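One structure is given here, and the rest of the page talks about it.
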Amino acid sequence: MRQIPLLQQRQTMINRDDTKKIIKIAGLIVVLLFIIAYALFESNSLIKGPEIILTSPHSGDVFSTSSVNVKGMALRIQDITLNGRPILIDQSGNFEETLLLAPGYNVSLFRAKDKFNRTIEYKFELVYEK
């Protein structure tokens with residue numbers, strides 16, 4: 001049986017100092033991965049930009065009255081307008097606005113801007129039949 005010299009055996013073994021280094025490096029990697037994951041989670045809303053969700057009425061709806069309540073939600077915005085007129089939103093981003101329709105086909109436009117000046121437009125059509 002061939003014997004391995006003691007010096008070679010010593011090189012292949014991991015001592016306590018090496019184990020401590022490995023644990024420190026693994027801990028540091030875990031902490032860095034957690035920080036990166038958290039940063040990506042928090043920056044998600046910044047990456048997405050502004051969003052407008054219209055809950056009622058739906059585009060293409062037909063009405064027999066000239067007054068319509070428009071409801072929806074605006075996410076990640078600084079200001080929002082409906083047909084060029086500023087509208088108010090609550091803390092959650094919900095809005096409700098009354099819109100007067102002209103007889104026939106009506107086109108309305110929401111425009112929202114976030115704090116980075118990114119703009120989104122949402123156009124919807126409504127029909128008023130007398």
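All residue names refer to the structure tokens as shown: chains lettered A, B, ... in order, residues numbered from 1 in each chain, ligands numbered from 1 in order.
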
Would you kindly return, as JSON, numbers by chain, each protein, DNA or RNA residue with an atom no farther than 8 Å from any atom of segment 38-48 of chain A, considering only C-alpha atoms and excluding same-chain residues fewer than 3 positions away? {"A": [34, 35, 76]}

For the selection just defined, write its residues with C-alpha atoms to a file, as an mmCIF file, in the first residue's frame.
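For reference, part-v4.cif as written:
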data_model
loop_
_atom_site.group_PDB
_atom_site.id
_atom_site.type_symbol
_atom_site.label_atom_id
_atom_site.label_comp_id
_atom_site.auth_asym_id
_atom_site.auth_seq_id
_atom_site.Cartn_x
_atom_site.Cartn_y
_atom_site.Cartn_z
ATOM 1 C CA PHE A 34 -31.012 39.640 -0.048
ATOM 2 C CA ILE A 35 -30.099 43.308 -0.612
ATOM 3 C CA ARG A 76 -47.781 55.563 -9.523
#

Quiz prompt | Shell of 9 Å around Leu100 of chain A, only C-alpha atoms, local chain residues under 6 positions omitted, as a count of residues only | solution = 5

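Note that the spacing between atom CA of Ala74 of chain A and atom CA of Asn106 of chain A amounts to 21.8 Å.
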
**Study point:** Neighbour list for segment 115-123 of chain A as number ranges by chain, cut-off 8 Å, only C-alpha atoms, skip fewer than 4 positions in-chain
**Key:** A: 49-52, 77-78, 107-111

Note to self: Would you pick out the contacts of Ser56 of chain A at 7 Å or less, using only C-alpha atoms, so that residues sharing its chain but fewer than 5 positions from it are not included, and give the list as a list of chain:residue names?
What the structure shows: A:Val70, A:Lys71, A:Gly72

Using only C-alpha atoms, please write the residues we just selected to a file, as a JSON list (two decimals), in the first residue's frame.
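Generated output (out-v3.json):
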[["chain", "number", "residue", "atom", "x", "y", "z"],
["A", 70, "VAL", "CA", -66.32, 57.81, -14.60],
["A", 71, "LYS", "CA", -64.56, 55.68, -11.95],
["A", 72, "GLY", "CA", -61.14, 54.16, -11.88]]

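Of the residues listed (A:Asp61, A:Leu126, A:Asp114, A:Thr55), A:Thr55 shows the shortest atom-to-atom separation from Phe95 of chain A; distances use only C-alpha atoms.
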
_With DSSP run on the backbone, what are the strand (DSSP E) residues within chain A? I'd like them as a PyMOL selection string._
chain A and resi 51-56+62-63+67-75+79-82+85-86+94-100+104-113+119-128

Write the residues you've just listed into a file as a PDB file, in the first residue's frame, and include C-alpha atoms for each of them.
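And here's part02.pdb as it stands now:
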ATOM      1  CA  GLU A  51     -50.909  53.200 -14.956  1.00  0.00           C
ATOM      2  CA  ILE A  52     -54.604  54.098 -15.416  1.00  0.00           C
ATOM      3  CA  ILE A  53     -57.337  51.522 -14.765  1.00  0.00           C
ATOM      4  CA  LEU A  54     -60.878  52.523 -15.757  1.00  0.00           C
ATOM      5  CA  THR A  55     -63.483  50.476 -13.846  1.00  0.00           C
ATOM      6  CA  SER A  56     -66.627  52.100 -15.250  1.00  0.00           C
ATOM      7  CA  VAL A  62     -74.051  53.520 -24.907  1.00  0.00           C
ATOM      8  CA  PHE A  63     -75.918  55.905 -22.562  1.00  0.00           C
ATOM      9  CA  SER A  67     -74.176  62.706 -17.456  1.00  0.00           C
ATOM     10  CA  VAL A  68     -71.866  59.751 -16.735  1.00  0.00           C
ATOM     11  CA  ASN A  69     -69.814  58.938 -13.619  1.00  0.00           C
ATOM     12  CA  VAL A  70     -66.318  57.813 -14.596  1.00  0.00           C
ATOM     13  CA  LYS A  71     -64.564  55.678 -11.954  1.00  0.00           C
ATOM     14  CA  GLY A  72     -61.138  54.159 -11.880  1.00  0.00           C
ATOM     15  CA  MET A  73     -57.720  53.969 -10.325  1.00  0.00           C
ATOM     16  CA  ALA A  74     -54.439  55.684 -11.143  1.00  0.00           C
ATOM     17  CA  LEU A  75     -51.233  54.018  -9.954  1.00  0.00           C
ATOM     18  CA  ASP A  79     -50.944  64.246 -11.621  1.00  0.00           C
ATOM     19  CA  ILE A  80     -53.812  63.173 -13.869  1.00  0.00           C
ATOM     20  CA  THR A  81     -56.148  64.988 -16.260  1.00  0.00           C
ATOM     21  CA  LEU A  82     -59.400  64.101 -17.979  1.00  0.00           C
ATOM     22  CA  ARG A  85     -58.846  69.171 -16.811  1.00  0.00           C
ATOM     23  CA  PRO A  86     -57.051  68.080 -13.591  1.00  0.00           C
ATOM     24  CA  ASN A  94     -59.055  56.025  -6.806  1.00  0.00           C
ATOM     25  CA  PHE A  95     -60.926  58.695  -8.721  1.00  0.00           C
ATOM     26  CA  GLU A  96     -64.532  59.460  -9.605  1.00  0.00           C
ATOM     27  CA  GLU A  97     -65.447  62.198 -12.044  1.00  0.00           C
ATOM     28  CA  THR A  98     -68.659  63.279 -13.733  1.00  0.00           C
ATOM     29  CA  LEU A  99     -68.438  63.566 -17.503  1.00  0.00           C
ATOM     30  CA  LEU A 100     -70.986  65.379 -19.674  1.00  0.00           C
ATOM     31  CA  GLY A 104     -73.574  61.006 -30.514  1.00  0.00           C
ATOM     32  CA  TYR A 105     -70.026  59.714 -30.355  1.00  0.00           C
ATOM     33  CA  ASN A 106     -67.729  61.073 -27.572  1.00  0.00           C
ATOM     34  CA  VAL A 107     -63.998  60.518 -27.130  1.00  0.00           C
ATOM     35  CA  SER A 108     -62.382  61.249 -23.775  1.00  0.00           C
ATOM     36  CA  LEU A 109     -58.718  61.165 -22.838  1.00  0.00           C
ATOM     37  CA  PHE A 110     -57.004  60.516 -19.520  1.00  0.00           C
ATOM     38  CA  ARG A 111     -53.405  61.663 -19.301  1.00  0.00           C
ATOM     39  CA  ALA A 112     -51.246  60.826 -16.277  1.00  0.00           C
ATOM     40  CA  LYS A 113     -47.658  61.757 -15.453  1.00  0.00           C
ATOM     41  CA  THR A 119     -46.648  60.059 -19.427  1.00  0.00           C
ATOM     42  CA  ILE A 120     -49.410  57.579 -20.202  1.00  0.00           C
ATOM     43  CA  GLU A 121     -52.635  58.239 -22.096  1.00  0.00           C
ATOM     44  CA  TYR A 122     -55.868  56.269 -21.943  1.00  0.00           C
ATOM     45  CA  LYS A 123     -58.520  57.037 -24.559  1.00  0.00           C
ATOM     46  CA  PHE A 124     -62.078  55.745 -24.316  1.00  0.00           C
ATOM     47  CA  GLU A 125     -65.194  56.208 -26.445  1.00  0.00           C
ATOM     48  CA  LEU A 126     -68.759  56.618 -25.199  1.00  0.00           C
ATOM     49  CA  VAL A 127     -72.015  57.045 -27.127  1.00  0.00           C
ATOM     50  CA  TYR A 128     -74.922  59.224 -25.994  1.00  0.00           C
TER      51      TYR A 128
END
